[in-house]
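So this block is coords_8.pdb, PDB, C-alpha atoms:
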ATOM      1  CA  MET Y 235    -228.100  51.735 -64.896
ATOM      2  CA  THR Y 236    -227.910  48.097 -63.900
ATOM      3  CA  GLY Y 237    -230.722  48.507 -61.390
ATOM      4  CA  THR Y 238    -233.288  47.742 -64.092
ATOM      5  CA  ARG Y 239    -232.191  44.118 -64.512
ATOM      6  CA  THR Y 240    -234.812  41.486 -63.840
ATOM      7  CA  THR Y 241    -232.331  39.096 -62.232
ATOM      8  CA  HIS Y 242    -230.463  39.710 -59.026
ATOM      9  CA  PRO Y 243    -227.240  37.697 -58.723
ATOM     10  CA  LEU Y 244    -224.867  38.609 -55.941
ATOM     11  CA  ALA Y 245    -221.906  40.117 -57.772
ATOM     12  CA  ARG Y 246    -218.964  39.880 -55.384
ATOM     13  CA  THR Y 247    -215.974  42.075 -56.119
ATOM     14  CA  ARG Y 248    -212.727  40.865 -54.543
ATOM     15  CA  PRO Y 249    -209.450  42.715 -54.103
ATOM     16  CA  SER Y 250    -206.604  42.221 -56.535
ATOM     17  CA  PRO Y 251    -204.121  39.517 -55.545
ATOM     18  CA  ARG Y 252    -201.417  42.129 -55.724
ATOM     19  CA  THR Y 253    -200.389  43.695 -52.459
ATOM     20  CA  ARG Y 254    -201.841  47.161 -51.953
ATOM     21  CA  PRO Y 255    -199.780  49.899 -50.343
ATOM     22  CA  ARG Y 256    -201.517  51.371 -47.326
ATOM     23  CA  SER Y 257    -201.590  54.787 -48.956
ATOM     24  CA  LEU Y 258    -203.769  53.404 -51.731
ATOM     25  CA  VAL Y 259    -206.047  51.566 -49.340
ATOM     26  CA  ALA Y 260    -206.537  54.800 -47.435
ATOM     27  CA  ALA Y 261    -207.277  56.777 -50.567
ATOM     28  CA  LEU Y 262    -209.935  54.286 -51.596
ATOM     29  CA  ALA Y 263    -211.364  53.678 -48.168
ATOM     30  CA  LEU Y 264    -211.740  57.290 -47.153
ATOM     31  CA  LEU Y 265    -215.063  58.507 -48.226
ATOM     32  CA  PRO Y 266    -214.862  61.952 -49.838
ATOM     33  CA  LEU Y 267    -213.808  60.950 -53.335
ATOM     34  CA  LEU Y 268    -214.144  63.022 -56.484
ATOM     35  CA  ALA Y 269    -214.340  62.230 -60.183
ATOM     36  CA  LEU Y 270    -213.059  58.696 -59.902
ATOM     37  CA  THR Y 271    -211.999  57.048 -63.144
ATOM     38  CA  ALA Y 272    -210.202  53.886 -62.024
ATOM     39  CA  CYS Y 273    -211.968  50.628 -61.199
ATOM     40  CA  GLY Y 274    -212.543  50.651 -57.437
ATOM     41  CA  SER Y 275    -211.505  47.064 -56.855
ATOM     42  CA  GLY Y 276    -208.421  47.014 -59.062
ATOM     43  CA  GLY Y 277    -205.048  46.766 -57.449
ATOM     44  CA  GLY Y 278    -201.898  48.807 -57.386
ATOM     45  CA  ASP Y 279    -203.107  51.935 -59.207
ATOM     46  CA  PRO Y 280    -202.234  55.357 -57.787
ATOM     47  CA  ALA Y 281    -204.904  57.377 -56.033
ATOM     48  CA  PRO Y 282    -207.005  59.215 -58.617
ATOM     49  CA  ALA Y 283    -206.573  62.913 -59.224
ATOM     50  CA  GLY Y 284    -208.930  64.916 -57.061
ATOM     51  CA  ALA Y 285    -209.192  62.306 -54.317
ATOM     52  CA  GLN Y 286    -209.345  63.895 -50.888
ATOM     53  CA  VAL Y 287    -208.680  62.083 -47.647
ATOM     54  CA  SER Y 288    -209.547  62.911 -44.066
ATOM     55  CA  SER Y 289    -207.027  63.844 -41.397
ATOM     56  CA  ALA Y 290    -207.440  62.446 -37.917
ATOM     57  CA  PRO Y 291    -208.394  64.942 -35.171
ATOM     58  CA  ALA Y 292    -205.329  65.865 -33.159
ATOM     59  CA  ASP Y 293    -206.541  65.386 -29.578
ATOM     60  CA  ASP Y 294    -205.785  62.112 -27.792
ATOM     61  CA  PRO Y 295    -208.400  61.050 -25.216
ATOM     62  CA  VAL Y 296    -206.627  57.719 -24.709
ATOM     63  CA  ALA Y 297    -203.411  59.260 -23.358
ATOM     64  CA  ALA Y 298    -204.757  59.857 -19.845
ATOM     65  CA  VAL Y 299    -206.233  56.354 -19.388
ATOM     66  CA  ARG Y 300    -204.656  54.342 -16.580
ATOM     67  CA  THR Y 301    -204.808  50.696 -15.535
ATOM     68  CA  VAL Y 302    -207.535  49.841 -13.018
ATOM     69  CA  GLU Y 303    -206.258  46.867 -11.030
ATOM     70  CA  ALA Y 304    -209.684  45.727  -9.846
ATOM     71  CA  ILE Y 305    -210.791  45.371 -13.473
ATOM     72  CA  ALA Y 306    -207.494  43.930 -14.691
ATOM     73  CA  ALA Y 307    -207.897  41.237 -12.036
ATOM     74  CA  LEU Y 308    -210.860  39.900 -14.033
ATOM     75  CA  LEU Y 309    -208.560  38.873 -16.872
ATOM     76  CA  PRO Y 310    -207.727  35.222 -17.471
ATOM     77  CA  ALA Y 311    -204.313  34.507 -15.963
ATOM     78  CA  GLU Y 312    -202.705  33.611 -19.288
ATOM     79  CA  VAL Y 313    -203.782  36.901 -20.898
ATOM     80  CA  ARG Y 314    -202.580  38.999 -17.996
ATOM     81  CA  THR Y 315    -199.257  37.173 -17.956
ATOM     82  CA  ALA Y 316    -198.828  37.687 -21.718
ATOM     83  CA  GLY Y 317    -199.549  41.395 -21.248
ATOM     84  CA  ARG Y 318    -201.090  41.855 -24.670
ATOM     85  CA  LEU Y 319    -204.510  41.893 -26.278
ATOM     86  CA  ARG Y 320    -204.480  40.395 -29.774
ATOM     87  CA  VAL Y 321    -206.922  42.463 -31.829
ATOM     88  CA  GLY Y 322    -208.093  41.494 -35.304
ATOM     89  CA  SER Y 323    -209.049  44.854 -36.787
ATOM     90  CA  SER Y 324    -210.978  45.642 -39.958
ATOM     91  CA  VAL Y 325    -209.784  49.061 -41.117
ATOM     92  CA  GLY Y 326    -212.187  50.611 -43.590
ATOM     93  CA  ALA Y 327    -213.471  54.155 -43.307
ATOM     94  CA  PRO Y 328    -214.030  56.959 -40.796
ATOM     95  CA  PRO Y 329    -215.289  57.418 -38.195
ATOM     96  CA  SER Y 330    -214.803  53.771 -37.123
ATOM     97  CA  ALA Y 331    -211.305  52.881 -38.390
ATOM     98  CA  TYR Y 332    -209.197  54.137 -41.283
ATOM     99  CA  TYR Y 333    -205.716  55.195 -42.334
ATOM    100  CA  PRO Y 334    -205.490  59.003 -42.011
ATOM    101  CA  ASN Y 335    -203.928  61.242 -44.631
ATOM    102  CA  GLY Y 336    -203.286  58.416 -47.054
ATOM    103  CA  GLN Y 337    -199.944  57.746 -45.371
ATOM    104  CA  ASP Y 338    -198.316  54.652 -43.989
ATOM    105  CA  LYS Y 339    -199.284  55.418 -40.404
ATOM    106  CA  PRO Y 340    -201.174  53.545 -37.684
ATOM    107  CA  PRO Y 341    -204.952  53.469 -38.160
ATOM    108  CA  ALA Y 342    -207.187  56.014 -36.470
ATOM    109  CA  GLY Y 343    -210.846  56.158 -35.565
ATOM    110  CA  GLN Y 344    -213.429  55.525 -32.895
ATOM    111  CA  ASP Y 345    -213.008  51.725 -32.825
ATOM    112  CA  ILE Y 346    -209.229  52.026 -32.674
ATOM    113  CA  GLU Y 347    -209.297  54.396 -29.707
ATOM    114  CA  LEU Y 348    -211.956  52.480 -27.778
ATOM    115  CA  ALA Y 349    -209.988  49.243 -28.143
ATOM    116  CA  ASP Y 350    -206.731  50.956 -27.139
ATOM    117  CA  ALA Y 351    -208.372  52.640 -24.150
ATOM    118  CA  ALA Y 352    -209.976  49.399 -22.949
ATOM    119  CA  ALA Y 353    -206.632  47.635 -23.234
ATOM    120  CA  LYS Y 354    -205.002  50.345 -21.102
ATOM    121  CA  VAL Y 355    -207.640  49.932 -18.382
ATOM    122  CA  LEU Y 356    -206.750  46.230 -18.375
ATOM    123  CA  GLY Y 357    -203.005  46.889 -18.282
ATOM    124  CA  LEU Y 358    -202.514  45.271 -21.686
ATOM    125  CA  LYS Y 359    -200.729  46.356 -24.829
ATOM    126  CA  PRO Y 360    -202.911  46.081 -27.948
ATOM    127  CA  ASP Y 361    -201.352  43.844 -30.583
ATOM    128  CA  ARG Y 362    -203.349  44.891 -33.648
ATOM    129  CA  GLN Y 363    -203.438  42.878 -36.848
ATOM    130  CA  ASP Y 364    -205.244  44.138 -39.936
ATOM    131  CA  ALA Y 365    -207.755  41.692 -41.368
ATOM    132  CA  SER Y 366    -210.585  41.752 -43.876
ATOM    133  CA  PHE Y 367    -213.993  42.152 -42.257
ATOM    134  CA  GLU Y 368    -215.380  38.776 -43.283
ATOM    135  CA  THR Y 369    -212.378  36.803 -41.930
ATOM    136  CA  ILE Y 370    -212.328  38.133 -38.363
ATOM    137  CA  LEU Y 371    -215.258  36.306 -36.777
ATOM    138  CA  PRO Y 372    -214.166  32.846 -38.019
ATOM    139  CA  ALA Y 373    -210.605  33.573 -36.860
ATOM    140  CA  LEU Y 374    -211.806  34.225 -33.303
ATOM    141  CA  GLY Y 375    -212.963  30.634 -33.054
ATOM    142  CA  SER Y 376    -209.548  29.373 -34.078
ATOM    143  CA  GLY Y 377    -207.817  31.481 -31.401
ATOM    144  CA  LYS Y 378    -205.954  33.697 -33.851
ATOM    145  CA  TYR Y 379    -207.270  36.849 -32.130
ATOM    146  CA  ASP Y 380    -208.535  37.578 -28.618
ATOM    147  CA  VAL Y 381    -210.864  40.324 -29.823
ATOM    148  CA  GLY Y 382    -212.280  41.454 -33.156
ATOM    149  CA  THR Y 383    -213.158  45.027 -34.083
ATOM    150  CA  GLY Y 384    -214.886  46.229 -37.232
ATOM    151  CA  ASN Y 385    -218.196  47.812 -36.224
ATOM    152  CA  PHE Y 386    -219.643  44.338 -35.694
ATOM    153  CA  GLY Y 387    -223.387  44.534 -35.135
ATOM    154  CA  VAL Y 388    -224.965  42.205 -32.576
ATOM    155  CA  THR Y 389    -227.397  39.901 -34.383
ATOM    156  CA  THR Y 390    -229.275  36.794 -33.340
ATOM    157  CA  GLU Y 391    -227.391  34.755 -35.935
ATOM    158  CA  ARG Y 392    -223.957  35.939 -34.804
ATOM    159  CA  LEU Y 393    -224.779  35.324 -31.146
ATOM    160  CA  LYS Y 394    -224.912  31.602 -31.891
ATOM    161  CA  THR Y 395    -221.153  31.485 -32.390
ATOM    162  CA  ILE Y 396    -219.746  34.803 -31.109
ATOM    163  CA  ASP Y 397    -219.827  36.678 -27.798
ATOM    164  CA  PHE Y 398    -220.128  40.468 -27.842
ATOM    165  CA  VAL Y 399    -219.204  43.204 -25.389
ATOM    166  CA  THR Y 400    -221.099  46.276 -26.536
ATOM    167  CA  TYR Y 401    -219.579  49.748 -26.844
ATOM    168  CA  ILE Y 402    -221.863  51.747 -29.138
ATOM    169  CA  ASN Y 403    -225.239  51.714 -30.866
ATOM    170  CA  ASP Y 404    -225.028  52.080 -34.644
ATOM    171  CA  GLY Y 405    -226.848  50.145 -37.342
ATOM    172  CA  GLN Y 406    -227.959  50.114 -40.961
ATOM    173  CA  GLY Y 407    -228.668  53.020 -43.288
ATOM    174  CA  PHE Y 408    -228.646  54.045 -46.946
ATOM    175  CA  ALA Y 409    -227.010  56.780 -49.030
ATOM    176  CA  VAL Y 410    -227.098  57.868 -52.665
ATOM    177  CA  LYS Y 411    -224.994  60.113 -54.836
ATOM    178  CA  THR Y 412    -226.133  63.699 -54.360
ATOM    179  CA  GLY Y 413    -228.574  64.613 -57.099
ATOM    180  CA  ASN Y 414    -229.955  61.093 -57.441
ATOM    181  CA  THR Y 415    -233.611  61.249 -58.430
ATOM    182  CA  ARG Y 416    -234.414  57.531 -58.378
ATOM    183  CA  LEU Y 417    -234.447  57.284 -54.594
ATOM    184  CA  THR Y 418    -235.314  60.148 -52.295
ATOM    185  CA  GLY Y 419    -236.357  60.319 -48.666
ATOM    186  CA  GLN Y 420    -235.794  57.866 -45.846
ATOM    187  CA  VAL Y 421    -235.772  54.171 -46.713
ATOM    188  CA  THR Y 422    -238.169  52.419 -44.338
ATOM    189  CA  ASP Y 423    -239.088  49.435 -46.533
ATOM    190  CA  LEU Y 424    -236.855  47.467 -48.902
ATOM    191  CA  THR Y 425    -239.531  47.602 -51.595
ATOM    192  CA  GLN Y 426    -238.414  51.204 -52.088
ATOM    193  CA  LEU Y 427    -235.218  49.721 -53.558
ATOM    194  CA  CYS Y 428    -236.928  47.559 -56.191
ATOM    195  CA  GLY Y 429    -235.326  47.922 -59.610
ATOM    196  CA  LEU Y 430    -232.173  49.512 -58.161
ATOM    197  CA  THR Y 431    -228.615  48.259 -57.728
ATOM    198  CA  ILE Y 432    -227.365  48.278 -54.128
ATOM    199  CA  GLY Y 433    -223.710  48.187 -53.127
ATOM    200  CA  THR Y 434    -222.542  46.907 -49.747
ATOM    201  CA  GLY Y 435    -219.657  45.215 -47.939
ATOM    202  CA  ALA Y 436    -218.806  41.521 -47.935
ATOM    203  CA  GLY Y 437    -219.715  39.514 -44.843
ATOM    204  CA  THR Y 438    -221.774  42.328 -43.312
ATOM    205  CA  THR Y 439    -225.235  42.454 -41.786
ATOM    206  CA  PHE Y 440    -226.145  44.586 -44.794
ATOM    207  CA  GLU Y 441    -225.343  41.796 -47.233
ATOM    208  CA  LYS Y 442    -227.281  39.311 -45.099
ATOM    209  CA  THR Y 443    -230.323  41.574 -44.814
ATOM    210  CA  LEU Y 444    -230.456  42.307 -48.527
ATOM    211  CA  THR Y 445    -229.960  38.665 -49.461
ATOM    212  CA  ALA Y 446    -232.576  37.376 -47.031
ATOM    213  CA  GLN Y 447    -235.171  39.924 -48.147
ATOM    214  CA  ARG Y 448    -234.550  40.024 -51.882
ATOM    215  CA  GLY Y 449    -237.883  38.313 -52.589
ATOM    216  CA  VAL Y 450    -239.897  41.276 -51.321
ATOM    217  CA  CYS Y 451    -239.950  42.980 -54.707
ATOM    218  CA  ALA Y 452    -241.361  39.965 -56.539
ATOM    219  CA  ALA Y 453    -243.977  39.625 -53.806
ATOM    220  CA  ALA Y 454    -244.933  43.254 -54.425
ATOM    221  CA  GLY Y 455    -245.083  42.721 -58.192
ATOM    222  CA  LYS Y 456    -241.991  44.846 -58.820
ATOM    223  CA  LYS Y 457    -238.608  44.320 -60.458
ATOM    224  CA  PRO Y 458    -236.125  42.892 -57.957
ATOM    225  CA  TYR Y 459    -233.170  44.858 -56.693
ATOM    226  CA  GLU Y 460    -229.642  43.713 -57.515
ATOM    227  CA  VAL Y 461    -226.937  43.421 -54.856
ATOM    228  CA  LYS Y 462    -223.269  44.014 -55.600
ATOM    229  CA  VAL Y 463    -220.928  43.036 -52.777
ATOM    230  CA  PHE Y 464    -217.456  44.539 -52.411
ATOM    231  CA  ALA Y 465    -214.545  43.555 -50.204
ATOM    232  CA  GLU Y 466    -213.431  47.198 -49.669
ATOM    233  CA  THR Y 467    -215.374  50.199 -48.444
ATOM    234  CA  GLY Y 468    -213.634  52.444 -50.948
ATOM    235  CA  ALA Y 469    -214.724  50.230 -53.835
ATOM    236  CA  VAL Y 470    -218.379  50.726 -52.853
ATOM    237  CA  THR Y 471    -217.937  54.487 -52.834
ATOM    238  CA  THR Y 472    -216.163  54.403 -56.175
ATOM    239  CA  ALA Y 473    -218.981  52.375 -57.705
ATOM    240  CA  LEU Y 474    -221.545  54.870 -56.417
ATOM    241  CA  GLN Y 475    -219.690  57.856 -57.833
ATOM    242  CA  GLN Y 476    -219.271  56.115 -61.189
ATOM    243  CA  GLY Y 477    -222.951  55.204 -61.401
ATOM    244  CA  ARG Y 478    -222.379  51.455 -61.299
ATOM    245  CA  ILE Y 479    -224.646  51.216 -58.245
ATOM    246  CA  ASP Y 480    -227.606  53.387 -57.292
ATOM    247  CA  VAL Y 481    -227.467  53.234 -53.504
ATOM    248  CA  VAL Y 482    -225.122  52.160 -50.686
ATOM    249  CA  MET Y 483    -226.177  50.243 -47.595
ATOM    250  CA  SER Y 484    -223.697  50.693 -44.748
ATOM    251  CA  THR Y 485    -223.328  51.902 -41.169
ATOM    252  CA  ILE Y 486    -225.399  54.836 -39.968
ATOM    253  CA  ASN Y 487    -222.386  56.640 -38.515
ATOM    254  CA  GLY Y 488    -220.210  55.952 -41.536
ATOM    255  CA  LEU Y 489    -222.770  57.252 -44.005
ATOM    256  CA  ARG Y 490    -223.474  60.317 -41.861
ATOM    257  CA  HIS Y 491    -219.758  61.073 -41.740
ATOM    258  CA  GLN Y 492    -219.474  60.625 -45.481
ATOM    259  CA  ALA Y 493    -222.396  62.911 -46.269
ATOM    260  CA  ALA Y 494    -220.903  65.627 -44.050
ATOM    261  CA  GLN Y 495    -217.843  65.839 -46.336
ATOM    262  CA  PRO Y 496    -218.752  68.196 -49.237
ATOM    263  CA  ALA Y 497    -216.363  66.474 -51.640
ATOM    264  CA  ALA Y 498    -218.076  63.120 -51.107
ATOM    265  CA  GLN Y 499    -221.195  64.265 -52.958
ATOM    266  CA  THR Y 500    -223.421  61.761 -51.168
ATOM    267  CA  THR Y 501    -226.760  62.155 -49.407
ATOM    268  CA  PHE Y 502    -227.682  60.135 -46.309
ATOM    269  CA  LEU Y 503    -231.187  58.676 -46.494
ATOM    270  CA  GLY Y 504    -231.642  58.052 -42.811
ATOM    271  CA  GLU Y 505    -231.649  55.121 -40.418
ATOM    272  CA  TYR Y 506    -233.128  51.793 -41.451
ATOM    273  CA  HIS Y 507    -232.366  49.480 -38.511
ATOM    274  CA  ARG Y 508    -230.452  50.104 -35.281
ATOM    275  CA  LEU Y 509    -227.989  47.547 -33.913
ATOM    276  CA  ASP Y 510    -225.813  47.343 -30.841
ATOM    277  CA  VAL Y 511    -222.156  47.153 -31.859
ATOM    278  CA  GLY Y 512    -219.545  45.342 -29.817
ATOM    279  CA  PHE Y 513    -216.117  43.872 -29.456
ATOM    280  CA  ALA Y 514    -216.348  40.351 -30.848
ATOM    281  CA  LEU Y 515    -214.995  37.402 -28.874
ATOM    282  CA  LYS Y 516    -214.882  33.627 -29.226
ATOM    283  CA  LYS Y 517    -218.015  32.021 -27.798
ATOM    284  CA  GLY Y 518    -217.505  31.461 -24.093
ATOM    285  CA  SER Y 519    -214.412  33.656 -23.942
ATOM    286  CA  PRO Y 520    -213.363  34.379 -20.334
ATOM    287  CA  LEU Y 521    -212.259  37.829 -21.527
ATOM    288  CA  ALA Y 522    -215.822  39.128 -21.742
ATOM    289  CA  PRO Y 523    -216.314  40.253 -18.090
ATOM    290  CA  ALA Y 524    -212.956  42.054 -18.026
ATOM    291  CA  LEU Y 525    -213.599  43.797 -21.335
ATOM    292  CA  GLN Y 526    -217.081  44.798 -20.224
ATOM    293  CA  GLY Y 527    -215.607  46.217 -17.013
ATOM    294  CA  ALA Y 528    -213.071  48.191 -19.047
ATOM    295  CA  VAL Y 529    -215.725  49.740 -21.295
ATOM    296  CA  ASN Y 530    -217.873  50.662 -18.307
ATOM    297  CA  GLU Y 531    -214.828  52.261 -16.642
ATOM    298  CA  LEU Y 532    -214.290  54.368 -19.774
ATOM    299  CA  ILE Y 533    -217.938  55.436 -19.622
ATOM    300  CA  ARG Y 534    -217.617  56.244 -15.909
ATOM    301  CA  ASN Y 535    -214.418  58.297 -16.162
ATOM    302  CA  GLY Y 536    -215.497  60.323 -19.211
ATOM    303  CA  THR Y 537    -212.981  58.912 -21.697
ATOM    304  CA  TYR Y 538    -215.776  57.236 -23.647
ATOM    305  CA  ALA Y 539    -217.676  60.504 -24.091
ATOM    306  CA  ARG Y 540    -214.508  62.304 -25.221
ATOM    307  CA  ILE Y 541    -213.740  59.647 -27.828
ATOM    308  CA  LEU Y 542    -217.261  59.733 -29.263
ATOM    309  CA  LYS Y 543    -217.254  63.544 -29.300
ATOM    310  CA  LYS Y 544    -213.933  63.533 -31.160
ATOM    311  CA  TRP Y 545    -215.333  61.266 -33.893
ATOM    312  CA  GLY Y 546    -218.796  62.846 -34.096
ATOM    313  CA  THR Y 547    -220.703  59.793 -32.848
ATOM    314  CA  THR Y 548    -222.086  61.064 -29.538
ATOM    315  CA  ALA Y 549    -225.659  60.316 -30.674
ATOM    316  CA  SER Y 550    -224.728  56.613 -30.688
ATOM    317  CA  ALA Y 551    -223.484  56.500 -27.083
ATOM    318  CA  ILE Y 552    -224.628  53.754 -24.733
ATOM    319  CA  ASP Y 553    -225.161  54.112 -20.976
ATOM    320  CA  THR Y 554    -223.581  50.818 -20.038
ATOM    321  CA  SER Y 555    -221.783  47.971 -21.777
ATOM    322  CA  ARG Y 556    -223.579  44.639 -21.993
ATOM    323  CA  ILE Y 557    -222.528  41.109 -22.816
ATOM    324  CA  ASN Y 558    -224.616  39.476 -25.549
ATOM    325  CA  PRO Y 559    -227.732  41.656 -25.534
ATOM    326  CA  PRO Y 560    -230.551  40.457 -27.828
ATOM    327  CA  GLU Y 561    -230.724  41.916 -31.303
ATOM    328  CA  HIS Y 562    -232.882  45.019 -31.615
ATOM    329  CA  PRO Y 563    -236.302  44.154 -33.050
TER     330      PRO Y 563
END
Step by step, read the file and then write its structure as structure tokens.
Amino acid sequence: MTGTRTTHPLARTRPSPRTRPRSLVAALALLPLLALTACGSGGGDPAPAGAQVSSAPADDPVAAVRTVEAIAALLPAEVRTAGRLRVGSSVGAPPSAYYPNGQDKPPAGQDIELADAAAKVLGLKPDRQDASFETILPALGSGKYDVGTGNFGVTTERLKTIDFVTYINDGQGFAVKTGNTRLTGQVTDLTQLCGLTIGTGAGTTFEKTLTAQRGVCAAAGKKPYEVKVFAETGAVTTALQQGRIDVVMSTINGLRHQAAQPAAQTTFLGEYHRLDVGFALKKGSPLAPALQGAVNELIRNGTYARILKKWGTTASAIDTSRINPPEHP
């Protein structure tokens, strides 16, 4: 296992320059994968034999949502006139956002439905554009998108350049391949990871946390951990199943969902750090009050609770949406 190395370079795996069909992205991104033999970050290969993908639940809590004029009136005039909400969306894995059934269909998931429902409250049509996670926040500043979605955690660093309208409380956790004996029990201190290889997503709070704290092992007189960073969620899962990494750091809800799928063969090691999660906006965006009002309307009318129940994330519900809350200690 590479976790025994005494150096800890950040090994970033990027997608192939070839264009991936959505069916392949879905097969890699969806978490319950079996007996994978292909390289997780290679491009253009067919889904491996034995791969199983998740279907989206059939009910549609968004269908009954109606425009609330008093909230729509909070929109900037140019957005209301345009009638659309430009959403930069990172589509990775359930329950947040993914492509169901490995087919060329619109994405599904909690983040997708919450954004669509908020847009309906505001009388807007969502204009969704797929984007890689690490490109969305910079693109907000350039005006390419009005809103970014991708399970973006609210951190002190991000608040310097991004505004957030919160819609759920998620955070950071760890998982291992079922049967792993090198790491057991809840991870409460990163020194528990010393000597191991950790896989995580590019541009995430997980990458930042692991990078910032990678000196803790040397301070404790232990071998450092190694961090491997991947541009696709599915590539992290593939690496775990193939034994190229020892542990995954990702979202609490995502890892819980993964571990609940028997075919995934992963074990969730518990919560490490909670974070508020929000819609991301350009700093100073006049959209924030309207979007906050829309989320709070969804909470008030019960749509919010139905969406979270559908995707199994009720334990992460918030009581009210906030604009730019401080990062959880």
Where does stretch 301-410 of chain Y meet stretch 522-537 of chain Y within 10 Å, residue by residue, with the nearest atom pair and distance in Å to one decimal for each, counting only C-alpha atoms, listed by chain and rising number, as CSV?
residue,atom,partner,partner_atom,distance
Y:Thr301,CA,Y:Ala528,CA,9.3
Y:Val302,CA,Y:Ala528,CA,8.3
Y:Ala304,CA,Y:Gly527,CA,9.3
Y:Ile305,CA,Y:Ala524,CA,6.0
Y:Ala306,CA,Y:Ala524,CA,6.7
Y:Ala307,CA,Y:Ala524,CA,7.9
Y:Leu308,CA,Y:Ala524,CA,5.0
Y:Leu309,CA,Y:Ala524,CA,5.5
Y:Pro310,CA,Y:Ala524,CA,8.6
Y:Glu347,CA,Y:Thr537,CA,9.9
Y:Leu348,CA,Y:Val529,CA,8.0
Y:Ala349,CA,Y:Val529,CA,8.9
Y:Ala351,CA,Y:Leu532,CA,7.6
Y:Ala352,CA,Y:Ala528,CA,5.1
Y:Ala353,CA,Y:Ala528,CA,7.7
Y:Lys354,CA,Y:Ala528,CA,8.6
Y:Val355,CA,Y:Ala528,CA,5.7
Y:Leu356,CA,Y:Ala528,CA,6.7
Y:Val381,CA,Y:Ala522,CA,9.6
Y:Asp397,CA,Y:Ala522,CA,7.7
Y:Phe398,CA,Y:Ala522,CA,7.6
Y:Val399,CA,Y:Gln526,CA,5.8
Y:Thr400,CA,Y:Gln526,CA,7.6
Y:Tyr401,CA,Y:Val529,CA,6.8
Output as a tab-separated table one row per residue of stretch 286-355 of chain Y within 12 Å of stretch 416-436 of chain Y: the closest atom pair and its distance in Å to one decimal place, counting all atoms listed in the file, sorted by chain and residue number ascending.
residue	atom	partner	partner_atom	distance
Y:Ser324	CA	Y:Gly435	CA	11.8
Y:Gly326	CA	Y:Gly435	CA	10.2
Y:Ala327	CA	Y:Gly435	CA	11.8
- Nearby residues (only C-alpha atoms) at most 12 Å from Y:Arg392, same-chain spacing under 4 positions excluded, as a ChimeraX atom specification: /Y:371-372,386-388,396-398,437-439,442,511-512,514-517,558-561
- Find the distance between atom CA of Y:Gly546 and atom CA of Y:Asn487 and write it in Å to one decimal. 8.4 Å
- Message: To one decimal place in Å, what is the distance between atom CA of Y:Ala469 and atom CA of Y:Lys378?
- Response: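 Those two atoms sit 27.4 Å apart.
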- Written as a list of chain:residue names, which residues does the PyMOL selection byres ((chain Y and resi 541) around 9) give for the file shown? Y:Asp294, Y:Pro295, Y:Val296, Y:Gly343, Y:Gln344, Y:Glu347, Y:Leu348, Y:Gly536, Y:Thr537, Y:Tyr538, Y:Ala539, Y:Arg540, Y:Leu542, Y:Lys543, Y:Lys544, Y:Trp545, Y:Gly546, Y:Thr547, Y:Thr548
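Picked out by the PyMOL selection byres ((chain Y and resi 493) around 12) when it runs on this file: Leu265, Pro266, Leu267, Pro328, Phe408, Ala409, Val410, Lys411, Thr412, Thr471, Val482, Ile486, Asn487, Gly488, Leu489, Arg490, His491, Gln492, Ala494, Gln495, Pro496, Ala497, Ala498, Gln499, Thr500, Thr501, Phe502, Leu503 and Gly504 of chain Y.
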- Note on the structure: If you count only C-alpha atoms, the residue of Y:Arg314, Y:Pro329, Y:Ile479, Y:Gly382 closest to Y:Ala342 turns out to be Y:Pro329
